[in-house]
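A.B. asks: Would you mind keeping the following structure in view while I ask a few things?
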Amino acid sequence: MTHLISGGARSGKSRFAEQLALAHPGPVVYIATAAVADAEFAERVALHRARRPAHWTLCEADRHLAATLSRVAAADTLLLVDCLGMWLMRFCGDDDGFDGAAFAQEKHALLNALAALPGEIVLVSNEIGWGVVPLGKLSRRFVDELGRLNQDIAACCERATLVACGLPLVLKAPAEAERHPGPAA
């Protein structure tokens, strides 16, 4: 089963995903996607680490998220990916550049992998497109790419949940998918 959990900053999305993982009867692999670039962000990462049980396996992913997931997936294992927004940032350069070709290739690989991987996969992502349009070119590109990524991931997941104020709102569930299968291909 695949499950996308989305929400704004400090919405409780990671905590909700961690609660789902805690209920999983088998092994859990936490896939960290962020590149730690400064002390403030390192503190954020430390808070996430402190909440996780010691028996969970940590696996750090770089740009090649699909390859990482394929390497650690197993039928009895839950993979918790936190988060897709941080993964997307790995394709953003310091000089206002975005490596669109590499991102498109890795996104395609991720979508294909999600359809074929064994076990359970919970993906956390940011919902950032509800505010004003950012002023900078790279920021606008990031918002656009993450919005499209979230849509594509949600389309291939069996479940999708939006978390706001710490409360989960189910957007898509297996029963819902059976009643509303979507457009014909």
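By order of appearance in the structure tokens: chains A, B, ..., then residues from 1 within every chain, and ligands from 1 in the order shown.
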Give me the residues near Cys92 of chain A as a PyMOL selection string, where near means some atom within 9 Å (using only C-alpha atoms) and where sequence neighbours in that chain fewer than 6 positions away do not count.
C.D. replies: chain A and resi 98-100+138+142
A.B. asks: Counting only C-alpha atoms, which residues of segment 43-146 of chain A sit at most 12 Å from some atom of segment 160-175 of chain A, and what is each one's closest atom pair with its distance in Å to one decimal, listed by chain and rising residue number, as CSV?
C.D. replies:
residue,atom,partner,partner_atom,distance
A:Ile121,CA,A:Ala160,CA,11.7
A:Val122,CA,A:Ala160,CA,9.5
A:Leu123,CA,A:Ala160,CA,9.4
A:Val124,CA,A:Thr161,CA,9.6
A:Ser125,CA,A:Leu162,CA,9.6
A:Asn126,CA,A:Leu162,CA,9.7
A:Glu127,CA,A:Leu162,CA,8.5
A.B. asks: Write out as a list in words all residues of segment 4-114 of chain A that DSSP puts in strand (DSSP E) for this structure's backbone.
C.D. replies: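 Answer for segment 4-114 of chain A, restricted to strand (DSSP E): Leu4, Ile5, Ser6, Gly7, Val28, Val29, Tyr30, Ile31, Ala32, Thr57, Leu58, Cys59, Glu60, Leu78, Leu79, Leu80, Val81 and Asp82 of chain A.
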A.B. asks: Can you tell me, as an NGL selection string, what residues are no more than 6 Å from Asp76 of chain A when counting only C-alpha atoms, ignoring any on the same chain fewer than 2 positions away?
C.D. replies: :A and (26 or 74 or 119)
A.B. asks: Using only C-alpha atoms, which of the listed residues (A:Phe41, A:Phe91, A:Tyr30, A:Trp130) sits closest to Leu69 of chain A?
C.D. replies: A:Tyr30
A.B. asks: Per DSSP on the backbone, filter segment 54-177 of chain A down to the residues in alpha helix (DSSP H) and report them as a PDB file with N, CA and C atoms, in the first residue's frame.
C.D. replies:
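selection.pdb, written as the output of this step:
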ATOM      1  N   LEU A  65      16.048   8.766  -5.220  1.00  0.00           N
ATOM      2  CA  LEU A  65      15.099   8.244  -4.235  1.00  0.00           C
ATOM      3  C   LEU A  65      14.536   6.894  -4.657  1.00  0.00           C
ATOM      4  N   ALA A  66      14.191   6.729  -5.925  1.00  0.00           N
ATOM      5  CA  ALA A  66      13.631   5.460  -6.391  1.00  0.00           C
ATOM      6  C   ALA A  66      14.618   4.316  -6.166  1.00  0.00           C
ATOM      7  N   ALA A  67      15.880   4.549  -6.464  1.00  0.00           N
ATOM      8  CA  ALA A  67      16.900   3.512  -6.270  1.00  0.00           C
ATOM      9  C   ALA A  67      17.047   3.176  -4.789  1.00  0.00           C
ATOM     10  N   THR A  68      16.981   4.186  -3.932  1.00  0.00           N
ATOM     11  CA  THR A  68      17.061   3.954  -2.490  1.00  0.00           C
ATOM     12  C   THR A  68      15.888   3.112  -2.013  1.00  0.00           C
ATOM     13  N   LEU A  69      14.682   3.470  -2.435  1.00  0.00           N
ATOM     14  CA  LEU A  69      13.495   2.714  -2.041  1.00  0.00           C
ATOM     15  C   LEU A  69      13.581   1.270  -2.542  1.00  0.00           C
ATOM     16  N   SER A  70      14.002   1.092  -3.767  1.00  0.00           N
ATOM     17  CA  SER A  70      14.111  -0.256  -4.330  1.00  0.00           C
ATOM     18  C   SER A  70      15.120  -1.106  -3.563  1.00  0.00           C
ATOM     19  N   ARG A  71      16.177  -0.476  -3.079  1.00  0.00           N
ATOM     20  CA  ARG A  71      17.222  -1.200  -2.353  1.00  0.00           C
ATOM     21  C   ARG A  71      16.741  -1.696  -0.987  1.00  0.00           C
ATOM     22  N   VAL A  72      15.854  -0.944  -0.309  1.00  0.00           N
ATOM     23  CA  VAL A  72      15.483  -1.289   1.067  1.00  0.00           C
ATOM     24  C   VAL A  72      14.068  -1.845   1.224  1.00  0.00           C
ATOM     25  N   LEU A  84       9.094  14.711   0.441  1.00  0.00           N
ATOM     26  CA  LEU A  84       9.259  14.941  -0.986  1.00  0.00           C
ATOM     27  C   LEU A  84       9.706  16.369  -1.300  1.00  0.00           C
ATOM     28  N   GLY A  85       9.292  17.327  -0.499  1.00  0.00           N
ATOM     29  CA  GLY A  85       9.738  18.709  -0.714  1.00  0.00           C
ATOM     30  C   GLY A  85      11.241  18.858  -0.528  1.00  0.00           C
ATOM     31  N   MET A  86      11.774  18.203   0.493  1.00  0.00           N
ATOM     32  CA  MET A  86      13.223  18.233   0.728  1.00  0.00           C
ATOM     33  C   MET A  86      13.966  17.502  -0.392  1.00  0.00           C
ATOM     34  N   TRP A  87      13.364  16.427  -0.893  1.00  0.00           N
ATOM     35  CA  TRP A  87      13.965  15.703  -2.015  1.00  0.00           C
ATOM     36  C   TRP A  87      14.011  16.601  -3.246  1.00  0.00           C
ATOM     37  N   LEU A  88      12.925  17.313  -3.534  1.00  0.00           N
ATOM     38  CA  LEU A  88      12.886  18.226  -4.677  1.00  0.00           C
ATOM     39  C   LEU A  88      13.961  19.306  -4.561  1.00  0.00           C
ATOM     40  N   MET A  89      14.226  19.761  -3.343  1.00  0.00           N
ATOM     41  CA  MET A  89      15.240  20.806  -3.151  1.00  0.00           C
ATOM     42  C   MET A  89      16.628  20.349  -3.599  1.00  0.00           C
ATOM     43  N   GLY A 100      16.086  20.534 -14.176  1.00  0.00           N
ATOM     44  CA  GLY A 100      14.809  19.976 -14.602  1.00  0.00           C
ATOM     45  C   GLY A 100      14.919  18.624 -15.276  1.00  0.00           C
ATOM     46  N   ALA A 101      15.965  18.421 -16.081  1.00  0.00           N
ATOM     47  CA  ALA A 101      16.121  17.143 -16.777  1.00  0.00           C
ATOM     48  C   ALA A 101      16.372  16.014 -15.781  1.00  0.00           C
ATOM     49  N   ALA A 102      17.255  16.251 -14.824  1.00  0.00           N
ATOM     50  CA  ALA A 102      17.542  15.220 -13.818  1.00  0.00           C
ATOM     51  C   ALA A 102      16.313  14.963 -12.955  1.00  0.00           C
ATOM     52  N   PHE A 103      15.585  16.022 -12.586  1.00  0.00           N
ATOM     53  CA  PHE A 103      14.387  15.835 -11.779  1.00  0.00           C
ATOM     54  C   PHE A 103      13.342  15.030 -12.539  1.00  0.00           C
ATOM     55  N   ALA A 104      13.116  15.349 -13.806  1.00  0.00           N
ATOM     56  CA  ALA A 104      12.116  14.620 -14.595  1.00  0.00           C
ATOM     57  C   ALA A 104      12.467  13.136 -14.662  1.00  0.00           C
ATOM     58  N   GLN A 105      13.741  12.832 -14.832  1.00  0.00           N
ATOM     59  CA  GLN A 105      14.168  11.436 -14.894  1.00  0.00           C
ATOM     60  C   GLN A 105      13.946  10.728 -13.556  1.00  0.00           C
ATOM     61  N   GLU A 106      14.319  11.379 -12.457  1.00  0.00           N
ATOM     62  CA  GLU A 106      14.173  10.763 -11.138  1.00  0.00           C
ATOM     63  C   GLU A 106      12.712  10.677 -10.711  1.00  0.00           C
ATOM     64  N   LYS A 107      11.908  11.657 -11.092  1.00  0.00           N
ATOM     65  CA  LYS A 107      10.476  11.613 -10.793  1.00  0.00           C
ATOM     66  C   LYS A 107       9.829  10.440 -11.525  1.00  0.00           C
ATOM     67  N   HIS A 108      10.170  10.261 -12.779  1.00  0.00           N
ATOM     68  CA  HIS A 108       9.658   9.136 -13.565  1.00  0.00           C
ATOM     69  C   HIS A 108      10.054   7.815 -12.907  1.00  0.00           C
ATOM     70  N   ALA A 109      11.309   7.712 -12.489  1.00  0.00           N
ATOM     71  CA  ALA A 109      11.779   6.492 -11.817  1.00  0.00           C
ATOM     72  C   ALA A 109      11.011   6.254 -10.517  1.00  0.00           C
ATOM     73  N   LEU A 110      10.748   7.329  -9.768  1.00  0.00           N
ATOM     74  CA  LEU A 110      10.010   7.202  -8.507  1.00  0.00           C
ATOM     75  C   LEU A 110       8.587   6.713  -8.748  1.00  0.00           C
ATOM     76  N   LEU A 111       7.894   7.304  -9.693  1.00  0.00           N
ATOM     77  CA  LEU A 111       6.518   6.906  -9.974  1.00  0.00           C
ATOM     78  C   LEU A 111       6.453   5.441 -10.422  1.00  0.00           C
ATOM     79  N   ASN A 112       7.412   5.019 -11.236  1.00  0.00           N
ATOM     80  CA  ASN A 112       7.454   3.614 -11.659  1.00  0.00           C
ATOM     81  C   ASN A 112       7.766   2.691 -10.488  1.00  0.00           C
ATOM     82  N   ALA A 113       8.689   3.095  -9.638  1.00  0.00           N
ATOM     83  CA  ALA A 113       9.069   2.262  -8.491  1.00  0.00           C
ATOM     84  C   ALA A 113       7.897   2.096  -7.527  1.00  0.00           C
ATOM     85  N   LEU A 114       7.161   3.170  -7.268  1.00  0.00           N
ATOM     86  CA  LEU A 114       6.051   3.089  -6.317  1.00  0.00           C
ATOM     87  C   LEU A 114       5.015   2.055  -6.737  1.00  0.00           C
ATOM     88  N   ALA A 115       4.841   1.892  -8.019  1.00  0.00           N
ATOM     89  CA  ALA A 115       3.857   0.932  -8.519  1.00  0.00           C
ATOM     90  C   ALA A 115       4.322  -0.514  -8.354  1.00  0.00           C
ATOM     91  N   ALA A 116       5.620  -0.716  -8.175  1.00  0.00           N
ATOM     92  CA  ALA A 116       6.157  -2.078  -8.182  1.00  0.00           C
ATOM     93  C   ALA A 116       6.763  -2.541  -6.862  1.00  0.00           C
ATOM     94  N   LYS A 137      12.128  33.475  -9.339  1.00  0.00           N
ATOM     95  CA  LYS A 137      11.941  32.476 -10.389  1.00  0.00           C
ATOM     96  C   LYS A 137      12.109  31.057  -9.845  1.00  0.00           C
ATOM     97  N   LEU A 138      13.172  30.810  -9.076  1.00  0.00           N
ATOM     98  CA  LEU A 138      13.407  29.468  -8.548  1.00  0.00           C
ATOM     99  C   LEU A 138      12.312  29.068  -7.558  1.00  0.00           C
ATOM    100  N   SER A 139      11.860  30.013  -6.745  1.00  0.00           N
ATOM    101  CA  SER A 139      10.779  29.712  -5.788  1.00  0.00           C
ATOM    102  C   SER A 139       9.493  29.354  -6.511  1.00  0.00           C
ATOM    103  N   ARG A 140       9.175  30.094  -7.572  1.00  0.00           N
ATOM    104  CA  ARG A 140       7.972  29.776  -8.359  1.00  0.00           C
ATOM    105  C   ARG A 140       8.097  28.390  -8.991  1.00  0.00           C
ATOM    106  N   ARG A 141       9.272  28.087  -9.509  1.00  0.00           N
ATOM    107  CA  ARG A 141       9.497  26.777 -10.126  1.00  0.00           C
ATOM    108  C   ARG A 141       9.346  25.673  -9.090  1.00  0.00           C
ATOM    109  N   PHE A 142       9.895  25.894  -7.885  1.00  0.00           N
ATOM    110  CA  PHE A 142       9.797  24.900  -6.816  1.00  0.00           C
ATOM    111  C   PHE A 142       8.336  24.635  -6.462  1.00  0.00           C
ATOM    112  N   VAL A 143       7.548  25.691  -6.275  1.00  0.00           N
ATOM    113  CA  VAL A 143       6.127  25.550  -5.932  1.00  0.00           C
ATOM    114  C   VAL A 143       5.397  24.787  -7.035  1.00  0.00           C
ATOM    115  N   ASP A 144       5.668  25.147  -8.290  1.00  0.00           N
ATOM    116  CA  ASP A 144       5.013  24.472  -9.410  1.00  0.00           C
ATOM    117  C   ASP A 144       5.388  22.991  -9.476  1.00  0.00           C
ATOM    118  N   GLU A 145       6.688  22.710  -9.364  1.00  0.00           N
ATOM    119  CA  GLU A 145       7.154  21.320  -9.469  1.00  0.00           C
ATOM    120  C   GLU A 145       6.643  20.470  -8.307  1.00  0.00           C
ATOM    121  N   LEU A 146       6.637  21.022  -7.091  1.00  0.00           N
ATOM    122  CA  LEU A 146       6.143  20.253  -5.952  1.00  0.00           C
ATOM    123  C   LEU A 146       4.645  20.008  -6.073  1.00  0.00           C
ATOM    124  N   GLY A 147       3.906  20.995  -6.541  1.00  0.00           N
ATOM    125  CA  GLY A 147       2.467  20.808  -6.751  1.00  0.00           C
ATOM    126  C   GLY A 147       2.185  19.702  -7.750  1.00  0.00           C
ATOM    127  N   ARG A 148       2.921  19.697  -8.855  1.00  0.00           N
ATOM    128  CA  ARG A 148       2.731  18.640  -9.861  1.00  0.00           C
ATOM    129  C   ARG A 148       3.185  17.286  -9.325  1.00  0.00           C
ATOM    130  N   LEU A 149       4.308  17.273  -8.582  1.00  0.00           N
ATOM    131  CA  LEU A 149       4.787  16.025  -7.988  1.00  0.00           C
ATOM    132  C   LEU A 149       3.738  15.458  -7.040  1.00  0.00           C
ATOM    133  N   ASN A 150       3.187  16.294  -6.165  1.00  0.00           N
ATOM    134  CA  ASN A 150       2.160  15.837  -5.228  1.00  0.00           C
ATOM    135  C   ASN A 150       0.955  15.253  -5.972  1.00  0.00           C
ATOM    136  N   GLN A 151       0.536  15.896  -7.050  1.00  0.00           N
ATOM    137  CA  GLN A 151      -0.591  15.385  -7.830  1.00  0.00           C
ATOM    138  C   GLN A 151      -0.274  14.018  -8.420  1.00  0.00           C
ATOM    139  N   ASP A 152       0.922  13.878  -8.984  1.00  0.00           N
ATOM    140  CA  ASP A 152       1.303  12.607  -9.607  1.00  0.00           C
ATOM    141  C   ASP A 152       1.449  11.496  -8.568  1.00  0.00           C
ATOM    142  N   ILE A 153       2.039  11.823  -7.427  1.00  0.00           N
ATOM    143  CA  ILE A 153       2.190  10.821  -6.359  1.00  0.00           C
ATOM    144  C   ILE A 153       0.813  10.422  -5.833  1.00  0.00           C
ATOM    145  N   ALA A 154      -0.059  11.396  -5.585  1.00  0.00           N
ATOM    146  CA  ALA A 154      -1.404  11.094  -5.086  1.00  0.00           C
ATOM    147  C   ALA A 154      -2.176  10.219  -6.062  1.00  0.00           C
ATOM    148  N   ALA A 155      -1.983  10.443  -7.355  1.00  0.00           N
ATOM    149  CA  ALA A 155      -2.694   9.651  -8.362  1.00  0.00           C
ATOM    150  C   ALA A 155      -2.279   8.184  -8.319  1.00  0.00           C
ATOM    151  N   CYS A 156      -1.024   7.917  -7.970  1.00  0.00           N
ATOM    152  CA  CYS A 156      -0.589   6.511  -7.967  1.00  0.00           C
ATOM    153  C   CYS A 156      -0.685   5.864  -6.582  1.00  0.00           C
ATOM    154  N   PRO A 174      -8.984   3.525  -0.324  1.00  0.00           N
ATOM    155  CA  PRO A 174      -9.313   2.464  -1.274  1.00  0.00           C
ATOM    156  C   PRO A 174     -10.798   2.384  -1.631  1.00  0.00           C
ATOM    157  N   ALA A 175     -11.701   2.518  -0.672  1.00  0.00           N
ATOM    158  CA  ALA A 175     -13.136   2.469  -0.972  1.00  0.00           C
ATOM    159  C   ALA A 175     -13.528   3.617  -1.888  1.00  0.00           C
ATOM    160  N   GLU A 176     -12.941   4.803  -1.669  1.00  0.00           N
ATOM    161  CA  GLU A 176     -13.193   5.978  -2.494  1.00  0.00           C
ATOM    162  C   GLU A 176     -12.716   5.721  -3.918  1.00  0.00           C
ATOM    163  N   ALA A 177     -11.557   5.085  -4.045  1.00  0.00           N
ATOM    164  CA  ALA A 177     -10.997   4.820  -5.369  1.00  0.00           C
ATOM    165  C   ALA A 177     -11.897   3.876  -6.152  1.00  0.00           C
TER     166      ALA A 177
END
A.B. asks: Tell me which protein, DNA and RNA residues are within 12 Å of Leu22 of chain A, counting only C-alpha atoms, leaving out same-chain ones fewer than 5 positions away, and put them as a ChimeraX atom specification.
C.D. replies: /A:15-17,27-30,51-56,77-80,122
A.B. asks: With distances taken over only C-alpha atoms, which residue among A:Ala73, A:Ile31, A:Val132, A:Cys157 lies nearest Glu18 of chain A?
C.D. replies: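 For Glu18 of chain A, the nearest of the given residues is A:Ile31.
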A.B. asks: Would you mind reading off the distance between atom CA of Ala35 of chain A and atom CA of Cys83 of chain A, one decimal, in Å?
C.D. replies: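 One can read the atom CA of Ala35 of chain A to atom CA of Cys83 of chain A distance as 11.1 Å.
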A.B. asks: Between atom CA of Arg90 of chain A and atom CA of Asp62 of chain A, what is the spacing in Å?
C.D. replies: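 According to the coordinates, atom CA of Asp62 of chain A and atom CA of Arg90 of chain A are separated by 7.4 Å.
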A.B. asks: Considering only C-alpha atoms, state which residue in the set A:His24, A:Ala39, A:Asp82, A:Gln19 is at the smallest distance from Cys59 of chain A.
C.D. replies: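 Nearest candidate to Cys59 of chain A out of A:His24, A:Ala39, A:Asp82, A:Gln19: A:Asp82.
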A.B. asks: How many Å lie between atom CA of Leu117 of chain A and atom CA of Ala75 of chain A, rounded to one decimal?
C.D. replies: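 Here the two named atoms are 8.4 Å from each other.
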